[in-house]
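Source file upload_21.cif; content: mmCIF, N, CA and C atoms.
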data_input
loop_
_atom_site.label_atom_id
_atom_site.label_comp_id
_atom_site.auth_asym_id
_atom_site.auth_seq_id
_atom_site.Cartn_x
_atom_site.Cartn_y
_atom_site.Cartn_z
N MET A 228 147.83 163.54 140.91
CA MET A 228 147.23 164.09 142.11
C MET A 228 148.26 165.00 142.76
N ARG A 229 147.79 166.13 143.24
CA ARG A 229 148.64 167.08 143.93
C ARG A 229 148.06 167.31 145.32
N THR A 230 148.95 167.55 146.29
CA THR A 230 148.53 167.72 147.69
C THR A 230 149.02 169.06 148.22
N TRP A 231 148.13 169.74 148.94
CA TRP A 231 148.45 170.99 149.63
C TRP A 231 148.33 170.75 151.12
N THR A 232 149.21 171.38 151.90
CA THR A 232 149.17 171.24 153.35
C THR A 232 149.27 172.62 154.00
N ALA A 233 148.77 172.68 155.23
CA ALA A 233 148.86 173.90 156.02
C ALA A 233 148.71 173.52 157.49
N THR A 234 149.24 174.35 158.36
CA THR A 234 149.17 174.11 159.80
C THR A 234 148.88 175.43 160.49
N THR A 235 148.09 175.35 161.56
CA THR A 235 147.84 176.53 162.40
C THR A 235 147.65 176.08 163.84
N THR A 236 147.66 177.05 164.73
CA THR A 236 147.36 176.80 166.14
C THR A 236 146.07 177.54 166.47
N ALA A 237 145.15 176.84 167.10
CA ALA A 237 143.86 177.42 167.51
C ALA A 237 143.86 177.59 169.02
N ALA A 238 143.26 178.67 169.48
CA ALA A 238 143.11 178.91 170.92
C ALA A 238 141.84 178.22 171.41
N ALA A 239 141.74 176.93 171.11
CA ALA A 239 140.58 176.14 171.50
C ALA A 239 141.03 174.69 171.64
N HIS A 240 140.37 173.96 172.51
CA HIS A 240 140.65 172.54 172.74
C HIS A 240 140.38 171.76 171.45
N PRO A 241 141.10 170.65 171.19
CA PRO A 241 140.84 169.86 169.98
C PRO A 241 139.37 169.44 169.82
N ALA A 242 138.67 169.18 170.93
CA ALA A 242 137.26 168.80 170.82
C ALA A 242 136.43 169.95 170.23
N ALA A 243 136.78 171.18 170.57
CA ALA A 243 136.06 172.33 170.01
C ALA A 243 136.36 172.48 168.52
N VAL A 244 137.60 172.22 168.14
CA VAL A 244 137.95 172.29 166.72
C VAL A 244 137.22 171.18 165.95
N LEU A 245 137.17 169.99 166.54
CA LEU A 245 136.43 168.89 165.90
C LEU A 245 134.96 169.25 165.73
N ASP A 246 134.37 169.94 166.72
CA ASP A 246 132.98 170.38 166.58
C ASP A 246 132.80 171.26 165.34
N VAL A 247 133.75 172.15 165.11
CA VAL A 247 133.67 173.01 163.93
C VAL A 247 133.83 172.19 162.65
N LEU A 248 134.78 171.25 162.67
CA LEU A 248 135.05 170.44 161.48
C LEU A 248 133.90 169.51 161.10
N THR A 249 133.11 169.09 162.08
CA THR A 249 132.03 168.13 161.81
C THR A 249 130.65 168.77 161.73
N ASP A 250 130.56 170.06 161.92
CA ASP A 250 129.29 170.79 161.84
C ASP A 250 129.09 171.25 160.40
N PRO A 251 128.10 170.68 159.68
CA PRO A 251 127.91 171.05 158.27
C PRO A 251 127.67 172.55 158.06
N GLY A 252 126.98 173.19 158.98
CA GLY A 252 126.75 174.63 158.87
C GLY A 252 128.04 175.41 158.98
N ALA A 253 128.88 175.02 159.91
CA ALA A 253 130.18 175.68 160.06
C ALA A 253 131.08 175.39 158.88
N ALA A 254 131.06 174.15 158.40
CA ALA A 254 131.93 173.77 157.28
C ALA A 254 131.68 174.63 156.05
N SER A 255 130.44 174.97 155.81
CA SER A 255 130.16 175.80 154.64
C SER A 255 130.72 177.22 154.82
N ARG A 256 131.01 177.62 156.06
CA ARG A 256 131.60 178.94 156.31
C ARG A 256 133.12 178.93 156.21
N TRP A 257 133.77 177.83 156.57
CA TRP A 257 135.23 177.84 156.61
C TRP A 257 135.91 177.10 155.46
N ALA A 258 135.21 176.27 154.72
CA ALA A 258 135.83 175.41 153.70
C ALA A 258 136.64 176.23 152.69
N PRO A 259 137.78 175.68 152.23
CA PRO A 259 138.59 176.38 151.24
C PRO A 259 137.85 176.59 149.92
N VAL A 260 136.95 175.68 149.59
CA VAL A 260 136.12 175.81 148.39
C VAL A 260 134.67 175.89 148.88
N PRO A 261 133.98 177.01 148.68
CA PRO A 261 132.63 177.17 149.21
C PRO A 261 131.66 176.11 148.68
N PHE A 262 130.80 175.59 149.57
CA PHE A 262 129.83 174.58 149.17
C PHE A 262 128.63 174.62 150.10
N ASP A 263 127.57 173.96 149.67
CA ASP A 263 126.36 173.78 150.46
C ASP A 263 126.14 172.30 150.67
N VAL A 264 125.72 171.92 151.88
CA VAL A 264 125.36 170.52 152.14
C VAL A 264 123.93 170.34 151.69
N ASP A 265 123.72 169.51 150.69
CA ASP A 265 122.40 169.29 150.13
C ASP A 265 121.68 168.11 150.77
N ASP A 266 122.43 167.14 151.22
CA ASP A 266 121.82 165.93 151.78
C ASP A 266 122.79 165.29 152.75
N LEU A 267 122.35 165.16 154.01
CA LEU A 267 123.14 164.51 155.05
C LEU A 267 122.17 163.88 156.03
N ALA A 268 122.34 162.58 156.25
CA ALA A 268 121.53 161.91 157.27
C ALA A 268 122.16 162.24 158.62
N GLY A 269 121.46 162.97 159.46
CA GLY A 269 122.01 163.37 160.75
C GLY A 269 122.41 164.83 160.73
N GLU A 270 122.88 165.27 161.88
CA GLU A 270 123.22 166.68 162.05
C GLU A 270 124.70 166.97 161.98
N ARG A 271 125.54 165.93 161.98
CA ARG A 271 126.99 166.11 161.98
C ARG A 271 127.64 165.17 160.99
N LEU A 272 128.84 165.50 160.61
CA LEU A 272 129.67 164.61 159.81
C LEU A 272 130.34 163.63 160.77
N LEU A 273 129.93 162.38 160.70
CA LEU A 273 130.45 161.33 161.57
C LEU A 273 131.13 160.26 160.74
N ALA A 274 132.01 159.49 161.36
CA ALA A 274 132.66 158.39 160.65
C ALA A 274 131.59 157.50 160.04
N GLY A 275 131.73 157.19 158.77
CA GLY A 275 130.77 156.35 158.06
C GLY A 275 129.64 157.11 157.41
N SER A 276 129.48 158.39 157.72
CA SER A 276 128.38 159.14 157.11
C SER A 276 128.72 159.54 155.68
N ARG A 277 127.66 159.76 154.92
CA ARG A 277 127.76 160.20 153.53
C ARG A 277 126.90 161.44 153.37
N ALA A 278 127.34 162.30 152.49
CA ALA A 278 126.60 163.53 152.22
C ALA A 278 126.72 163.88 150.75
N LYS A 279 125.77 164.65 150.29
CA LYS A 279 125.86 165.24 148.96
C LYS A 279 126.05 166.74 149.18
N VAL A 280 127.03 167.30 148.48
CA VAL A 280 127.30 168.72 148.59
C VAL A 280 127.40 169.30 147.18
N SER A 281 127.20 170.60 147.09
CA SER A 281 127.35 171.28 145.80
C SER A 281 127.95 172.65 146.04
N GLY A 282 128.57 173.15 145.01
CA GLY A 282 129.19 174.47 145.10
C GLY A 282 129.58 174.95 143.73
N ARG A 283 130.32 176.04 143.70
CA ARG A 283 130.76 176.61 142.44
C ARG A 283 132.28 176.51 142.35
N LEU A 284 132.73 175.95 141.24
CA LEU A 284 134.15 175.90 140.91
C LEU A 284 134.31 176.47 139.51
N ALA A 285 135.20 177.42 139.38
CA ALA A 285 135.47 178.02 138.07
C ALA A 285 134.18 178.46 137.38
N GLY A 286 133.25 179.00 138.16
CA GLY A 286 132.01 179.50 137.61
C GLY A 286 130.97 178.45 137.27
N ARG A 287 131.24 177.18 137.58
CA ARG A 287 130.29 176.10 137.28
C ARG A 287 129.73 175.53 138.56
N ARG A 288 128.45 175.24 138.55
CA ARG A 288 127.81 174.55 139.68
C ARG A 288 128.14 173.08 139.56
N VAL A 289 128.73 172.51 140.62
CA VAL A 289 129.14 171.10 140.60
C VAL A 289 128.68 170.42 141.88
N GLY A 290 128.48 169.11 141.80
CA GLY A 290 128.06 168.33 142.95
C GLY A 290 129.08 167.25 143.28
N PHE A 291 129.08 166.85 144.56
CA PHE A 291 130.03 165.85 145.04
C PHE A 291 129.34 164.90 146.00
N GLU A 292 129.81 163.68 146.00
CA GLU A 292 129.44 162.68 147.00
C GLU A 292 130.57 162.67 148.02
N VAL A 293 130.24 162.87 149.29
CA VAL A 293 131.24 162.92 150.35
C VAL A 293 131.09 161.70 151.24
N GLU A 294 132.20 161.08 151.58
CA GLU A 294 132.21 159.97 152.52
C GLU A 294 133.20 160.30 153.63
N VAL A 295 132.72 160.25 154.87
CA VAL A 295 133.58 160.52 156.03
C VAL A 295 134.17 159.19 156.49
N HIS A 296 135.49 159.11 156.45
CA HIS A 296 136.18 157.88 156.84
C HIS A 296 136.49 157.84 158.32
N GLU A 297 136.76 159.01 158.88
CA GLU A 297 137.14 159.10 160.29
C GLU A 297 136.71 160.45 160.82
N ALA A 298 136.19 160.47 162.04
CA ALA A 298 135.86 161.71 162.72
C ALA A 298 135.92 161.41 164.21
N ASP A 299 137.05 161.74 164.81
CA ASP A 299 137.22 161.51 166.24
C ASP A 299 138.19 162.54 166.80
N GLU A 300 138.62 162.35 168.03
CA GLU A 300 139.45 163.35 168.71
C GLU A 300 140.77 163.64 167.98
N SER A 301 141.18 162.75 167.07
CA SER A 301 142.42 163.00 166.34
C SER A 301 142.18 163.80 165.05
N GLY A 302 140.91 163.97 164.64
CA GLY A 302 140.62 164.78 163.47
C GLY A 302 139.53 164.18 162.61
N ILE A 303 139.50 164.62 161.37
CA ILE A 303 138.50 164.13 160.42
C ILE A 303 139.18 163.86 159.09
N GLN A 304 138.78 162.76 158.49
CA GLN A 304 139.31 162.37 157.19
C GLN A 304 138.12 162.02 156.31
N LEU A 305 138.09 162.59 155.10
CA LEU A 305 136.98 162.33 154.19
C LEU A 305 137.46 162.38 152.76
N SER A 306 136.61 161.87 151.89
CA SER A 306 136.87 161.98 150.46
C SER A 306 135.60 162.50 149.80
N ALA A 307 135.80 163.20 148.70
CA ALA A 307 134.68 163.73 147.92
C ALA A 307 134.94 163.38 146.46
N SER A 308 133.90 162.89 145.79
CA SER A 308 134.06 162.55 144.39
C SER A 308 133.00 163.26 143.57
N GLY A 309 133.43 163.72 142.43
CA GLY A 309 132.59 164.44 141.48
C GLY A 309 133.45 164.72 140.27
N PRO A 310 133.26 165.85 139.61
CA PRO A 310 134.12 166.17 138.47
C PRO A 310 135.58 166.36 138.90
N VAL A 311 135.77 166.65 140.19
CA VAL A 311 137.08 166.72 140.83
C VAL A 311 136.97 165.83 142.05
N ALA A 312 138.06 165.14 142.38
CA ALA A 312 138.06 164.28 143.57
C ALA A 312 139.01 164.87 144.61
N PHE A 313 138.57 164.81 145.87
CA PHE A 313 139.36 165.35 146.98
C PHE A 313 139.58 164.26 148.02
N ASP A 314 140.78 164.22 148.59
CA ASP A 314 141.06 163.48 149.81
C ASP A 314 141.47 164.52 150.82
N VAL A 315 140.71 164.60 151.91
CA VAL A 315 140.88 165.67 152.89
C VAL A 315 141.19 165.06 154.25
N ASP A 316 142.19 165.64 154.93
CA ASP A 316 142.58 165.13 156.24
C ASP A 316 142.94 166.32 157.13
N TYR A 317 142.20 166.48 158.22
CA TYR A 317 142.50 167.48 159.24
C TYR A 317 142.92 166.73 160.50
N ARG A 318 144.16 166.89 160.93
CA ARG A 318 144.69 166.23 162.12
C ARG A 318 144.76 167.22 163.26
N LEU A 319 144.33 166.78 164.44
CA LEU A 319 144.28 167.64 165.63
C LEU A 319 145.21 167.10 166.70
N SER A 320 145.88 167.99 167.40
CA SER A 320 146.68 167.60 168.56
C SER A 320 146.68 168.75 169.56
N HIS A 321 146.95 168.40 170.81
CA HIS A 321 146.99 169.42 171.87
C HIS A 321 148.18 170.34 171.68
N ALA A 322 147.96 171.61 171.93
CA ALA A 322 149.04 172.60 171.94
C ALA A 322 148.99 173.27 173.31
N GLY A 323 149.97 174.06 173.63
CA GLY A 323 150.05 174.70 174.93
C GLY A 323 148.83 175.53 175.29
N CYS A 324 148.60 175.69 176.58
CA CYS A 324 147.55 176.54 177.13
C CYS A 324 146.15 176.15 176.66
N GLY A 325 145.88 174.87 176.50
CA GLY A 325 144.55 174.41 176.13
C GLY A 325 144.20 174.58 174.67
N GLY A 326 145.17 174.92 173.85
CA GLY A 326 144.92 175.12 172.43
C GLY A 326 145.12 173.84 171.63
N SER A 327 145.07 173.99 170.33
CA SER A 327 145.19 172.86 169.41
C SER A 327 146.10 173.22 168.26
N GLU A 328 146.82 172.23 167.79
CA GLU A 328 147.49 172.36 166.51
C GLU A 328 146.59 171.67 165.49
N VAL A 329 146.36 172.31 164.37
CA VAL A 329 145.52 171.76 163.31
C VAL A 329 146.39 171.66 162.06
N ARG A 330 146.53 170.44 161.56
CA ARG A 330 147.31 170.18 160.34
C ARG A 330 146.34 169.70 159.26
N ALA A 331 146.34 170.39 158.15
CA ALA A 331 145.41 170.07 157.06
C ALA A 331 146.17 169.58 155.84
N SER A 332 145.57 168.62 155.17
CA SER A 332 146.10 168.09 153.92
C SER A 332 144.93 167.90 152.96
N VAL A 333 145.04 168.46 151.77
CA VAL A 333 144.01 168.32 150.75
C VAL A 333 144.68 167.88 149.46
N SER A 334 144.28 166.71 148.98
CA SER A 334 144.77 166.20 147.70
C SER A 334 143.65 166.35 146.68
N VAL A 335 144.02 166.76 145.48
CA VAL A 335 143.05 167.02 144.42
C VAL A 335 143.47 166.26 143.17
N ARG A 336 142.49 165.62 142.55
CA ARG A 336 142.74 164.96 141.27
C ARG A 336 141.50 165.13 140.39
N SER A 337 141.72 165.07 139.13
CA SER A 337 140.63 165.19 138.17
C SER A 337 139.69 163.99 138.31
N GLY A 338 138.39 164.26 138.20
CA GLY A 338 137.41 163.19 138.19
C GLY A 338 137.27 162.59 136.80
N GLY A 339 137.99 163.12 135.82
CA GLY A 339 137.97 162.59 134.46
C GLY A 339 137.46 163.61 133.46
N GLY A 340 137.90 163.45 132.24
CA GLY A 340 137.46 164.30 131.14
C GLY A 340 138.06 165.70 131.20
N LEU A 341 137.77 166.45 130.16
CA LEU A 341 138.28 167.81 130.05
C LEU A 341 137.76 168.70 131.18
N THR A 342 136.47 168.59 131.48
CA THR A 342 135.89 169.39 132.56
C THR A 342 136.56 169.08 133.89
N GLY A 343 136.77 167.80 134.18
CA GLY A 343 137.43 167.42 135.42
C GLY A 343 138.83 167.98 135.52
N ARG A 344 139.58 167.93 134.42
CA ARG A 344 140.95 168.47 134.43
C ARG A 344 140.94 169.98 134.65
N LEU A 345 140.04 170.67 133.98
CA LEU A 345 139.96 172.13 134.14
C LEU A 345 139.56 172.51 135.56
N LEU A 346 138.58 171.80 136.12
CA LEU A 346 138.15 172.11 137.48
C LEU A 346 139.22 171.75 138.51
N ALA A 347 139.97 170.68 138.27
CA ALA A 347 141.08 170.33 139.17
C ALA A 347 142.14 171.42 139.13
N GLU A 348 142.44 171.95 137.94
CA GLU A 348 143.41 173.03 137.81
C GLU A 348 142.92 174.29 138.54
N ALA A 349 141.64 174.62 138.38
CA ALA A 349 141.08 175.80 139.04
C ALA A 349 141.13 175.65 140.56
N THR A 350 140.80 174.46 141.04
CA THR A 350 140.85 174.20 142.48
C THR A 350 142.29 174.30 142.98
N GLY A 351 143.21 173.73 142.22
CA GLY A 351 144.62 173.83 142.58
C GLY A 351 145.09 175.27 142.67
N ALA A 352 144.64 176.10 141.74
CA ALA A 352 145.01 177.51 141.76
C ALA A 352 144.50 178.19 143.03
N LEU A 353 143.26 177.87 143.43
CA LEU A 353 142.73 178.43 144.69
C LEU A 353 143.56 178.02 145.88
N LEU A 354 143.92 176.74 145.94
CA LEU A 354 144.70 176.24 147.06
C LEU A 354 146.11 176.82 147.05
N THR A 355 146.71 176.95 145.90
CA THR A 355 148.04 177.55 145.78
C THR A 355 148.01 179.01 146.21
N ALA A 356 146.91 179.68 145.94
CA ALA A 356 146.77 181.10 146.30
C ALA A 356 146.50 181.30 147.79
N GLY A 357 146.39 180.22 148.57
CA GLY A 357 146.25 180.37 150.01
C GLY A 357 144.89 180.03 150.58
N ALA A 358 144.01 179.41 149.79
CA ALA A 358 142.67 179.10 150.28
C ALA A 358 142.70 178.14 151.48
N LEU A 359 143.64 177.19 151.51
CA LEU A 359 143.70 176.26 152.64
C LEU A 359 144.19 176.97 153.90
N HIS A 360 145.17 177.84 153.77
CA HIS A 360 145.64 178.61 154.92
C HIS A 360 144.52 179.50 155.47
N ALA A 361 143.79 180.13 154.58
CA ALA A 361 142.67 180.98 155.00
C ALA A 361 141.60 180.15 155.70
N ALA A 362 141.33 178.96 155.19
CA ALA A 362 140.33 178.08 155.81
C ALA A 362 140.76 177.71 157.22
N LEU A 363 142.03 177.39 157.42
CA LEU A 363 142.50 177.07 158.78
C LEU A 363 142.32 178.25 159.72
N GLY A 364 142.56 179.44 159.23
CA GLY A 364 142.33 180.63 160.06
C GLY A 364 140.87 180.76 160.47
N ARG A 365 139.96 180.49 159.55
CA ARG A 365 138.53 180.57 159.86
C ARG A 365 138.12 179.47 160.84
N ILE A 366 138.68 178.27 160.68
CA ILE A 366 138.40 177.17 161.61
C ILE A 366 138.85 177.55 163.01
N ALA A 367 140.08 178.02 163.14
CA ALA A 367 140.64 178.39 164.45
C ALA A 367 139.81 179.50 165.09
N ARG A 368 139.45 180.49 164.31
CA ARG A 368 138.66 181.61 164.83
C ARG A 368 137.30 181.14 165.31
N GLU A 369 136.61 180.34 164.49
CA GLU A 369 135.28 179.87 164.86
C GLU A 369 135.33 178.96 166.10
N ALA A 370 136.33 178.09 166.17
CA ALA A 370 136.45 177.20 167.33
C ALA A 370 136.72 178.00 168.60
N SER A 371 137.53 179.02 168.53
CA SER A 371 137.85 179.77 169.73
C SER A 371 136.73 180.71 170.16
N LEU A 372 135.90 181.16 169.22
CA LEU A 372 134.81 182.08 169.56
C LEU A 372 133.50 181.38 169.88
N THR A 373 133.19 180.33 169.15
CA THR A 373 131.89 179.71 169.25
C THR A 373 131.85 178.52 170.18
N TYR A 374 132.91 177.77 170.23
CA TYR A 374 132.90 176.50 170.94
C TYR A 374 133.81 176.51 172.16
N VAL A 375 133.82 177.61 172.88
CA VAL A 375 134.67 177.73 174.08
C VAL A 375 134.13 176.90 175.21
#
Translate this file's structure into structure tokens.
Amino acid sequence: MRTWTATTTAAAHPAAVLDVLTDPGAASRWAPVPFDVDDLAGERLLAGSRAKVSGRLAGRRVGFEVEVHEADESGIQLSASGPVAFDVDYRLSHAGCGGSEVRASVSVRSGGGLTGRLLAEATGALLTAGALHAALGRIAREASLTYV
């Protein structure tokens, strides 16, 4: 398993950033790996909720089962399992002038087999190329523009 991290400051209160992180519609716009929420009971990603998502990795359509472990004022933590497995953690804290510091950590491991290893490598390449940093920029921008 390999882990990527990134940090940014958003010009929005942590509650506004959490709104972006738990809004499935927003998540599909900012996520480092593009995906669609196919099945979610409720309108938000809440602690204990489960969702089915799908997207394209390395040119293949893949599906994942997502479980949200935590979603509160300190951030959101979830895991996704499929041909690639993810452990995702976004931590929020107050920053000066009503802003937020957002610290992201994404761990990736193969879900098994040759396909899982190839997709884990492709995902790792995206993250190494800056996809997580770009996602944090989109989160900060959306939180400061939409959820003021």
Enumerate, in order of chain and increasing residue number, the residues of range 274-300 of chain A with an atom no farther than 5 Å from range 262-268 of chain A, each with its shortest atom pair and distance in Å to one decimal, counting all atoms listed in the file, as a tab-separated table.
residue	atom	partner	partner_atom	distance
A:Ala278	CA	A:Asp266	C	4.2
A:Lys279	N	A:Asp266	C	3.9
A:Val280	CA	A:Asp265	N	4.2
A:Ser281	C	A:Asp263	N	3.9
A:Gly282	CA	A:Phe262	CA	4.1
Checklist entry - Got a sec to resolve the PyMOL selection byres (((chain A and resi 270 and name CA) around 10) and name CA) on this structure and send the residues as number ranges by chain? => result A: 249-252, 267-269, 271-273
Item to check | Distance of atom N of Val333 in chain A from atom C of Ala239 in chain A, expressed in Å to one decimal place | outcome: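 Computed distance, atom C of Ala239 in chain A to atom N of Val333 in chain A, equals 21.2 Å.
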Checklist entry - How many Å separate atom N of Ala367 in chain A from atom N of Arg318 in chain A? => result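 Taking atom N of Ala367 in chain A and atom N of Arg318 in chain A, their separation equals 12.1 Å.
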Checklist entry - So which one's closest to Ala362 in chain A, A:Thr232, A:Ser337, A:Val315, A:Ala258? Using only C-alpha atoms, please. => result A:Ala258
